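A quick write-up on the structure given underneath.
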Amino acid sequence: MSLGEKISELRKRDKMSQEELAEKVGVARQTISKWELDETAPDIKQAQELSKIFHISLDELVGNELSSVVVEKISNTEKLAGMIIKILKVAGIILLVMVIIEVIALITAVFFLRPISKEESTKGSITCVVDHEKYVVEVESNGLFTCQNCDAKLSSELEELIDFNNYIETRNNIMDYFEDHDIECELKEY
């Protein structure tokens with residue numbers, strides 16, 4: 001819509017004649033007619049006066065649709081804010097899942113993956129020397145038992161002392177067996 005059409009429309013809306021409007025603006029009636037026919041245009045002071053008379057902004061008078069620009073900017077801002085909120089929610093969920101995984105990993109490490117102390121060692125060997133004969137007994141918690149240089153009787157007697165679920169007790173039983181037979185042994189655990 002042109003400026004002239006806008007002036008004509010607003011004048012008619014307010015039920016004013018060209019003469020009445022000309023009187024309020026302080027111009028001749030023919031000037032109002034020329035404006036409405038888009039032959040000429042009001043200067044800035046006259047345009048300001050027209051905006052006061054019609055109770056509209058200067059932008060509305062000259063056809064600058066600020067309201068649609070403002071609405072569009074607000075709409076775009078709302079869309080951006082909505083996207084940011086969604087991104088933050090997803091990031092928050094991912095962060096929460098990561099924290100939960102870390103806590104579970106920490107709990108697992110503390111209770112299940114703690115380092116094995118010397119007393120809890122699950123593998124070791126006992127070396128004993130009898131009459132210049134060296135006996136090496138190896139015991140592991142996984143069920144492995146070997147006795148180098150042991151005869152069948154000694155292997156059988158030692159095997160009865162083994163509890164594969166409790167390495168420490170097994171180790172102590174074997175050491176006690178050799179002590180009971182007055183044999184000194186050296187213990188190596190790894």
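Residue numbering restarts at 1 for every chain of the structure tokens, chains are lettered A, B, ... in their displayed order, and ligands are numbered from 1 as they appear.
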
Strand (DSSP E) call set, DSSP backbone run, region 3-184 of chain A, as a PyMOL selection string: chain A and resi 123-130+133-140+145-148

Selected residues, C-alpha atoms, written as a PDB file, in the first residue's frame, please.
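Contents of part25.pdb, as written:
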```pdb
ATOM      1  CA  LYS A 123      49.611 -68.186  43.056  1.00  0.00           C
ATOM      2  CA  GLY A 124      52.829 -69.237  44.671  1.00  0.00           C
ATOM      3  CA  SER A 125      55.520 -71.812  44.979  1.00  0.00           C
ATOM      4  CA  ILE A 126      57.093 -73.479  47.949  1.00  0.00           C
ATOM      5  CA  THR A 127      60.656 -74.686  47.528  1.00  0.00           C
ATOM      6  CA  CYS A 128      61.950 -77.285  49.929  1.00  0.00           C
ATOM      7  CA  VAL A 129      65.287 -79.109  50.022  1.00  0.00           C
ATOM      8  CA  VAL A 130      65.480 -82.570  51.590  1.00  0.00           C
ATOM      9  CA  GLU A 133      66.902 -82.998  46.756  1.00  0.00           C
ATOM     10  CA  LYS A 134      64.935 -79.914  45.781  1.00  0.00           C
ATOM     11  CA  TYR A 135      61.119 -80.060  45.816  1.00  0.00           C
ATOM     12  CA  VAL A 136      59.114 -77.248  44.229  1.00  0.00           C
ATOM     13  CA  VAL A 137      55.404 -77.218  44.967  1.00  0.00           C
ATOM     14  CA  GLU A 138      53.289 -74.810  42.904  1.00  0.00           C
ATOM     15  CA  VAL A 139      49.681 -74.059  43.740  1.00  0.00           C
ATOM     16  CA  GLU A 140      47.233 -71.733  41.956  1.00  0.00           C
ATOM     17  CA  PHE A 145      48.989 -78.144  41.376  1.00  0.00           C
ATOM     18  CA  THR A 146      52.453 -79.394  40.551  1.00  0.00           C
ATOM     19  CA  CYS A 147      55.185 -80.864  42.637  1.00  0.00           C
ATOM     20  CA  GLN A 148      58.546 -81.197  40.904  1.00  0.00           C
TER      21      GLN A 148
END
```

Residue neighbourhood Ile174 (chain A), 9 Å, only C-alpha atoms, exclusion window fewer than 3 positions, as a count of residues only: 11

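Distance check against Ser51 (chain A) using only C-alpha atoms: of A:Ile7, A:Ala105, A:Leu96, A:Met1, the minimum falls on A:Ile7.
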
Near-Arg11 (chain A) list (8 Å; only C-alpha atoms; drop same-chain fewer than 6 positions) as a PyMOL selection string: chain A and resi 17-18+21+54

Neighbour list for Pro42 (chain A) as a PyMOL selection string, cut-off 12 Å, only C-alpha atoms, skip fewer than 6 positions in-chain: chain A and resi 3-4+7+22+25-27+31-36+48-51+58+61-62

Separation of CA of Asp151 (chain A) from CA of His181 (chain A), in Å and rounded to one decimal: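 Atom-to-atom, CA of Asp151 (chain A) to CA of His181 (chain A), that is 15.7 Å.
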
Looking only at the backbone, which of the residues in chain A does DSSP tag as alpha helix (DSSP H), as a CSV table (one decimal) with N, CA and C atoms, in the first residue's frame?
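Here's the written file states-v8.csv:
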```
chain,number,residue,atom,x,y,z
A,3,LEU,N,2.0,5.4,0.3
A,3,LEU,CA,1.8,6.4,1.4
A,3,LEU,C,0.4,7.1,1.2
A,4,GLY,N,0.2,7.5,-0.1
A,4,GLY,CA,-1.1,8.2,-0.4
A,4,GLY,C,-2.3,7.4,-0.1
A,5,GLU,N,-2.3,6.1,-0.4
A,5,GLU,CA,-3.4,5.2,-0.1
A,5,GLU,C,-3.6,5.1,1.4
A,6,LYS,N,-2.5,5.0,2.1
A,6,LYS,CA,-2.5,4.9,3.6
A,6,LYS,C,-3.2,6.2,4.2
A,7,ILE,N,-2.7,7.3,3.7
A,7,ILE,CA,-3.3,8.6,4.2
A,7,ILE,C,-4.8,8.6,4.0
A,8,SER,N,-5.2,8.3,2.7
A,8,SER,CA,-6.6,8.3,2.3
A,8,SER,C,-7.4,7.3,3.2
A,9,GLU,N,-6.9,6.1,3.4
A,9,GLU,CA,-7.6,5.1,4.2
A,9,GLU,C,-7.7,5.6,5.7
A,10,LEU,N,-6.7,6.2,6.2
A,10,LEU,CA,-6.7,6.6,7.6
A,10,LEU,C,-7.7,7.8,7.8
A,11,ARG,N,-7.7,8.7,6.8
A,11,ARG,CA,-8.6,9.9,6.8
A,11,ARG,C,-10.0,9.4,6.8
A,12,LYS,N,-10.3,8.4,5.9
A,12,LYS,CA,-11.7,7.9,5.8
A,12,LYS,C,-12.1,7.1,7.1
A,13,ARG,N,-11.1,6.4,7.6
A,13,ARG,CA,-11.3,5.6,8.9
A,13,ARG,C,-11.8,6.6,10.0
A,18,GLN,N,-10.9,15.9,3.3
A,18,GLN,CA,-9.6,16.4,3.0
A,18,GLN,C,-9.3,17.7,3.6
A,19,GLU,N,-10.4,18.5,3.6
A,19,GLU,CA,-10.3,19.9,4.1
A,19,GLU,C,-10.0,19.9,5.6
A,20,GLU,N,-10.7,19.0,6.4
A,20,GLU,CA,-10.5,18.9,7.8
A,20,GLU,C,-9.1,18.4,8.2
A,21,LEU,N,-8.6,17.5,7.4
A,21,LEU,CA,-7.2,17.0,7.6
A,21,LEU,C,-6.2,18.1,7.3
A,22,ALA,N,-6.4,18.8,6.2
A,22,ALA,CA,-5.5,19.8,5.8
A,22,ALA,C,-5.4,20.9,6.9
A,23,GLU,N,-6.6,21.2,7.5
A,23,GLU,CA,-6.6,22.2,8.5
A,23,GLU,C,-5.8,21.8,9.7
A,24,LYS,N,-5.9,20.5,10.1
A,24,LYS,CA,-5.1,19.9,11.3
A,24,LYS,C,-3.6,19.9,11.0
A,25,VAL,N,-3.3,19.6,9.8
A,25,VAL,CA,-1.8,19.5,9.4
A,25,VAL,C,-1.3,20.9,9.2
A,29,ARG,N,-6.0,22.1,1.2
A,29,ARG,CA,-6.7,20.8,0.8
A,29,ARG,C,-6.1,20.2,-0.4
A,30,GLN,N,-5.6,21.0,-1.4
A,30,GLN,CA,-5.0,20.4,-2.6
A,30,GLN,C,-3.8,19.6,-2.3
A,31,THR,N,-3.1,20.0,-1.2
A,31,THR,CA,-1.9,19.2,-0.8
A,31,THR,C,-2.3,17.8,-0.3
A,32,ILE,N,-3.3,17.8,0.4
A,32,ILE,CA,-3.8,16.5,0.9
A,32,ILE,C,-4.2,15.6,-0.3
A,33,SER,N,-4.9,16.2,-1.3
A,33,SER,CA,-5.3,15.5,-2.5
A,33,SER,C,-4.1,15.0,-3.2
A,34,LYS,N,-3.0,15.8,-3.4
A,34,LYS,CA,-1.8,15.4,-4.1
A,34,LYS,C,-1.1,14.2,-3.3
A,35,TRP,N,-1.2,14.3,-2.0
A,35,TRP,CA,-0.6,13.2,-1.2
A,35,TRP,C,-1.3,11.9,-1.5
A,36,GLU,N,-2.6,12.0,-1.4
A,36,GLU,CA,-3.5,10.8,-1.6
A,36,GLU,C,-3.3,10.2,-3.0
A,44,ILE,N,9.0,15.4,6.5
A,44,ILE,CA,9.1,14.6,7.7
A,44,ILE,C,8.3,15.2,8.8
A,45,LYS,N,8.3,16.6,8.9
A,45,LYS,CA,7.5,17.2,9.9
A,45,LYS,C,6.0,17.0,9.7
A,46,GLN,N,5.6,17.0,8.5
A,46,GLN,CA,4.2,16.8,8.1
A,46,GLN,C,3.8,15.3,8.4
A,47,ALA,N,4.7,14.4,8.1
A,47,ALA,CA,4.5,13.0,8.3
A,47,ALA,C,4.3,12.8,9.8
A,48,GLN,N,5.2,13.4,10.6
A,48,GLN,CA,5.1,13.3,12.1
A,48,GLN,C,3.7,13.8,12.6
A,49,GLU,N,3.2,14.9,12.0
A,49,GLU,CA,1.9,15.5,12.4
A,49,GLU,C,0.8,14.5,12.0
A,50,LEU,N,0.9,13.9,10.8
A,50,LEU,CA,-0.1,12.9,10.4
A,50,LEU,C,-0.1,11.7,11.3
A,51,SER,N,1.0,11.3,11.8
A,51,SER,CA,1.1,10.1,12.7
A,51,SER,C,0.4,10.4,14.0
A,52,LYS,N,0.6,11.7,14.5
A,52,LYS,CA,-0.1,12.1,15.7
A,52,LYS,C,-1.6,12.1,15.6
A,53,ILE,N,-2.0,12.7,14.4
A,53,ILE,CA,-3.5,12.9,14.2
A,53,ILE,C,-4.1,11.5,14.1
A,54,PHE,N,-3.5,10.5,13.4
A,54,PHE,CA,-4.1,9.2,13.2
A,54,PHE,C,-3.8,8.2,14.3
A,58,LEU,N,5.1,6.5,13.0
A,58,LEU,CA,5.6,7.0,11.7
A,58,LEU,C,5.9,5.8,10.8
A,59,ASP,N,6.4,4.7,11.3
A,59,ASP,CA,6.7,3.5,10.6
A,59,ASP,C,5.4,2.9,10.0
A,60,GLU,N,4.3,2.9,10.8
A,60,GLU,CA,3.0,2.4,10.2
A,60,GLU,C,2.5,3.3,9.1
A,61,LEU,N,2.7,4.6,9.3
A,61,LEU,CA,2.2,5.5,8.3
A,61,LEU,C,2.9,5.3,6.9
A,62,VAL,N,4.2,5.1,7.0
A,62,VAL,CA,5.0,5.0,5.7
A,62,VAL,C,5.0,3.5,5.2
A,66,LEU,N,6.8,-2.9,11.1
A,66,LEU,CA,7.6,-3.3,12.2
A,66,LEU,C,7.0,-4.4,13.0
A,67,SER,N,5.7,-4.4,13.1
A,67,SER,CA,5.1,-5.4,13.9
A,67,SER,C,5.4,-6.8,13.4
A,68,SER,N,5.3,-7.0,12.0
A,68,SER,CA,5.6,-8.3,11.5
A,68,SER,C,7.1,-8.6,11.6
A,69,VAL,N,8.0,-7.6,11.5
A,69,VAL,CA,9.4,-7.9,11.7
A,69,VAL,C,9.6,-8.3,13.2
A,70,VAL,N,9.0,-7.6,14.1
A,70,VAL,CA,9.2,-7.9,15.5
A,70,VAL,C,8.6,-9.3,15.8
A,71,VAL,N,7.4,-9.6,15.3
A,71,VAL,CA,6.8,-10.9,15.5
A,71,VAL,C,7.7,-12.0,14.9
A,72,GLU,N,8.3,-11.8,13.7
A,72,GLU,CA,9.1,-12.7,13.1
A,72,GLU,C,10.4,-12.9,14.0
A,73,LYS,N,11.0,-11.8,14.5
A,73,LYS,CA,12.2,-12.0,15.3
A,73,LYS,C,11.9,-12.7,16.6
A,74,ILE,N,10.7,-12.4,17.2
A,74,ILE,CA,10.4,-13.1,18.4
A,74,ILE,C,10.1,-14.6,18.1
A,75,SER,N,9.5,-14.9,17.0
A,75,SER,CA,9.3,-16.2,16.6
A,75,SER,C,10.6,-17.0,16.4
A,76,ASN,N,11.5,-16.3,15.7
A,76,ASN,CA,12.8,-16.9,15.5
A,76,ASN,C,13.6,-17.1,16.8
A,77,THR,N,13.4,-16.2,17.7
A,77,THR,CA,14.1,-16.3,19.0
A,77,THR,C,13.5,-17.4,19.8
A,78,GLU,N,12.2,-17.6,19.8
A,78,GLU,CA,11.5,-18.7,20.5
A,78,GLU,C,11.9,-20.0,19.9
A,79,LYS,N,12.1,-20.1,18.6
A,79,LYS,CA,12.5,-21.4,17.9
A,79,LYS,C,13.9,-21.7,18.4
A,80,LEU,N,14.8,-20.7,18.4
A,80,LEU,CA,16.2,-20.9,18.8
A,80,LEU,C,16.2,-21.3,20.3
A,81,ALA,N,15.4,-20.7,21.1
A,81,ALA,CA,15.4,-21.0,22.5
A,81,ALA,C,14.9,-22.5,22.7
A,82,GLY,N,13.9,-22.8,21.9
A,82,GLY,CA,13.4,-24.2,22.0
A,82,GLY,C,14.5,-25.2,21.6
A,83,MET,N,15.2,-24.9,20.5
A,83,MET,CA,16.3,-25.8,20.1
A,83,MET,C,17.4,-25.9,21.1
A,84,ILE,N,17.7,-24.8,21.7
A,84,ILE,CA,18.8,-24.8,22.8
A,84,ILE,C,18.3,-25.6,24.0
A,85,ILE,N,17.1,-25.5,24.4
A,85,ILE,CA,16.5,-26.2,25.5
A,85,ILE,C,16.6,-27.7,25.2
A,86,LYS,N,16.2,-28.1,23.9
A,86,LYS,CA,16.3,-29.5,23.5
A,86,LYS,C,17.7,-30.0,23.6
A,87,ILE,N,18.7,-29.2,23.1
A,87,ILE,CA,20.1,-29.6,23.1
A,87,ILE,C,20.6,-29.8,24.5
A,88,LEU,N,20.2,-28.8,25.4
A,88,LEU,CA,20.6,-28.9,26.8
A,88,LEU,C,20.0,-30.1,27.5
A,89,LYS,N,18.8,-30.5,27.1
A,89,LYS,CA,18.2,-31.7,27.7
A,89,LYS,C,18.9,-32.9,27.3
A,90,VAL,N,19.2,-33.0,26.0
A,90,VAL,CA,20.0,-34.2,25.5
A,90,VAL,C,21.4,-34.2,26.1
A,91,ALA,N,22.0,-33.1,26.2
A,91,ALA,CA,23.4,-33.0,26.8
A,91,ALA,C,23.3,-33.4,28.3
A,92,GLY,N,22.2,-32.9,28.9
A,92,GLY,CA,22.1,-33.3,30.4
A,92,GLY,C,21.8,-34.8,30.6
A,93,ILE,N,21.0,-35.4,29.7
A,93,ILE,CA,20.8,-36.8,29.8
A,93,ILE,C,22.1,-37.6,29.5
A,94,ILE,N,22.8,-37.2,28.5
A,94,ILE,CA,24.1,-37.8,28.2
A,94,ILE,C,25.0,-37.7,29.4
A,95,LEU,N,25.1,-36.5,29.9
A,95,LEU,CA,26.0,-36.3,31.1
A,95,LEU,C,25.6,-37.1,32.3
A,96,LEU,N,24.3,-37.2,32.5
A,96,LEU,CA,23.8,-38.0,33.6
A,96,LEU,C,24.1,-39.5,33.4
A,97,VAL,N,23.9,-40.0,32.2
A,97,VAL,CA,24.3,-41.4,31.9
A,97,VAL,C,25.7,-41.6,32.1
A,98,MET,N,26.6,-40.7,31.7
A,98,MET,CA,28.0,-40.8,31.8
A,98,MET,C,28.4,-40.8,33.3
A,99,VAL,N,27.7,-40.0,34.1
A,99,VAL,CA,28.0,-40.0,35.6
A,99,VAL,C,27.6,-41.3,36.2
A,100,ILE,N,26.5,-41.8,35.8
A,100,ILE,CA,26.0,-43.1,36.3
A,100,ILE,C,27.0,-44.2,35.9
A,101,ILE,N,27.4,-44.2,34.7
A,101,ILE,CA,28.4,-45.2,34.2
A,101,ILE,C,29.7,-45.1,35.1
A,102,GLU,N,30.1,-43.9,35.3
A,102,GLU,CA,31.4,-43.7,36.1
A,102,GLU,C,31.2,-44.2,37.5
A,103,VAL,N,30.0,-43.9,38.1
A,103,VAL,CA,29.8,-44.3,39.5
A,103,VAL,C,29.8,-45.9,39.5
A,104,ILE,N,29.1,-46.5,38.5
A,104,ILE,CA,29.1,-48.0,38.5
A,104,ILE,C,30.5,-48.5,38.3
A,105,ALA,N,31.3,-47.9,37.4
A,105,ALA,CA,32.6,-48.3,37.2
A,105,ALA,C,33.5,-48.2,38.5
A,106,LEU,N,33.3,-47.1,39.2
A,106,LEU,CA,34.0,-46.8,40.4
A,106,LEU,C,33.6,-47.9,41.5
A,107,ILE,N,32.3,-48.1,41.6
A,107,ILE,CA,31.9,-49.1,42.6
A,107,ILE,C,32.5,-50.5,42.2
A,108,THR,N,32.4,-50.8,40.9
A,108,THR,CA,33.0,-52.1,40.5
A,108,THR,C,34.4,-52.2,40.8
A,109,ALA,N,35.2,-51.1,40.5
A,109,ALA,CA,36.6,-51.1,40.8
A,109,ALA,C,36.9,-51.2,42.3
A,110,VAL,N,36.1,-50.6,43.1
A,110,VAL,CA,36.4,-50.6,44.5
A,110,VAL,C,36.1,-52.0,45.1
A,111,PHE,N,35.0,-52.6,44.7
A,111,PHE,CA,34.5,-53.9,45.3
A,111,PHE,C,35.1,-55.1,44.6
A,152,ALA,N,55.0,-90.2,44.0
A,152,ALA,CA,53.6,-90.3,43.9
A,152,ALA,C,53.0,-90.2,45.3
A,153,LYS,N,53.7,-90.8,46.3
A,153,LYS,CA,53.1,-90.7,47.7
A,153,LYS,C,53.1,-89.3,48.2
A,154,LEU,N,54.2,-88.6,48.0
A,154,LEU,CA,54.3,-87.2,48.5
A,154,LEU,C,53.3,-86.3,47.7
A,155,SER,N,53.2,-86.5,46.4
A,155,SER,CA,52.2,-85.7,45.6
A,155,SER,C,50.8,-86.0,46.1
A,156,SER,N,50.5,-87.2,46.4
A,156,SER,CA,49.2,-87.6,46.9
A,156,SER,C,48.9,-86.9,48.3
A,157,GLU,N,49.9,-87.0,49.2
A,157,GLU,CA,49.7,-86.4,50.5
A,157,GLU,C,49.5,-84.9,50.4
A,158,LEU,N,50.3,-84.3,49.5
A,158,LEU,CA,50.2,-82.8,49.4
A,158,LEU,C,48.8,-82.4,48.7
A,159,GLU,N,48.4,-83.2,47.8
A,159,GLU,CA,47.2,-82.9,47.1
A,159,GLU,C,46.0,-82.9,48.0
A,167,TYR,N,43.6,-70.2,48.7
A,167,TYR,CA,45.0,-70.4,48.5
A,167,TYR,C,45.8,-70.3,49.8
A,168,ILE,N,45.5,-69.3,50.6
A,168,ILE,CA,46.2,-69.0,51.8
A,168,ILE,C,46.2,-70.2,52.8
A,169,GLU,N,45.0,-70.8,52.9
A,169,GLU,CA,44.9,-72.0,53.8
A,169,GLU,C,45.7,-73.2,53.2
A,170,THR,N,45.7,-73.3,51.8
A,170,THR,CA,46.5,-74.4,51.2
A,170,THR,C,47.9,-74.2,51.4
A,171,ARG,N,48.4,-72.9,51.2
A,171,ARG,CA,49.8,-72.6,51.4
A,171,ARG,C,50.2,-72.9,52.8
A,172,ASN,N,49.4,-72.5,53.8
A,172,ASN,CA,49.8,-72.8,55.2
A,172,ASN,C,49.8,-74.3,55.5
A,173,ASN,N,48.8,-75.0,54.9
A,173,ASN,CA,48.8,-76.5,55.1
A,173,ASN,C,50.0,-77.2,54.6
A,174,ILE,N,50.5,-76.8,53.4
A,174,ILE,CA,51.7,-77.4,52.8
A,174,ILE,C,52.9,-77.0,53.7
A,175,MET,N,53.0,-75.7,54.1
A,175,MET,CA,54.1,-75.3,54.9
A,175,MET,C,54.1,-76.1,56.2
A,176,ASP,N,52.9,-76.3,56.8
A,176,ASP,CA,52.8,-77.1,58.1
A,176,ASP,C,53.2,-78.5,57.9
A,177,TYR,N,52.8,-79.1,56.7
A,177,TYR,CA,53.2,-80.5,56.4
A,177,TYR,C,54.7,-80.7,56.4
A,178,PHE,N,55.4,-79.7,55.7
A,178,PHE,CA,56.9,-79.9,55.7
A,178,PHE,C,57.5,-79.6,57.0
A,179,GLU,N,56.9,-78.6,57.8
A,179,GLU,CA,57.4,-78.4,59.2
A,179,GLU,C,57.3,-79.6,60.1
A,180,ASP,N,56.1,-80.2,59.9
A,180,ASP,CA,55.9,-81.4,60.8
A,180,ASP,C,56.9,-82.6,60.4
```

Top pick for closest residue to Leu144 (chain A), considering A:Asp163, A:Asp14, A:Asp38, A:Glu184 and counting only C-alpha atoms: A:Asp163

Separation of CA of Asp182 (chain A) from CA of Asn165 (chain A) in Å: 27.4 Å
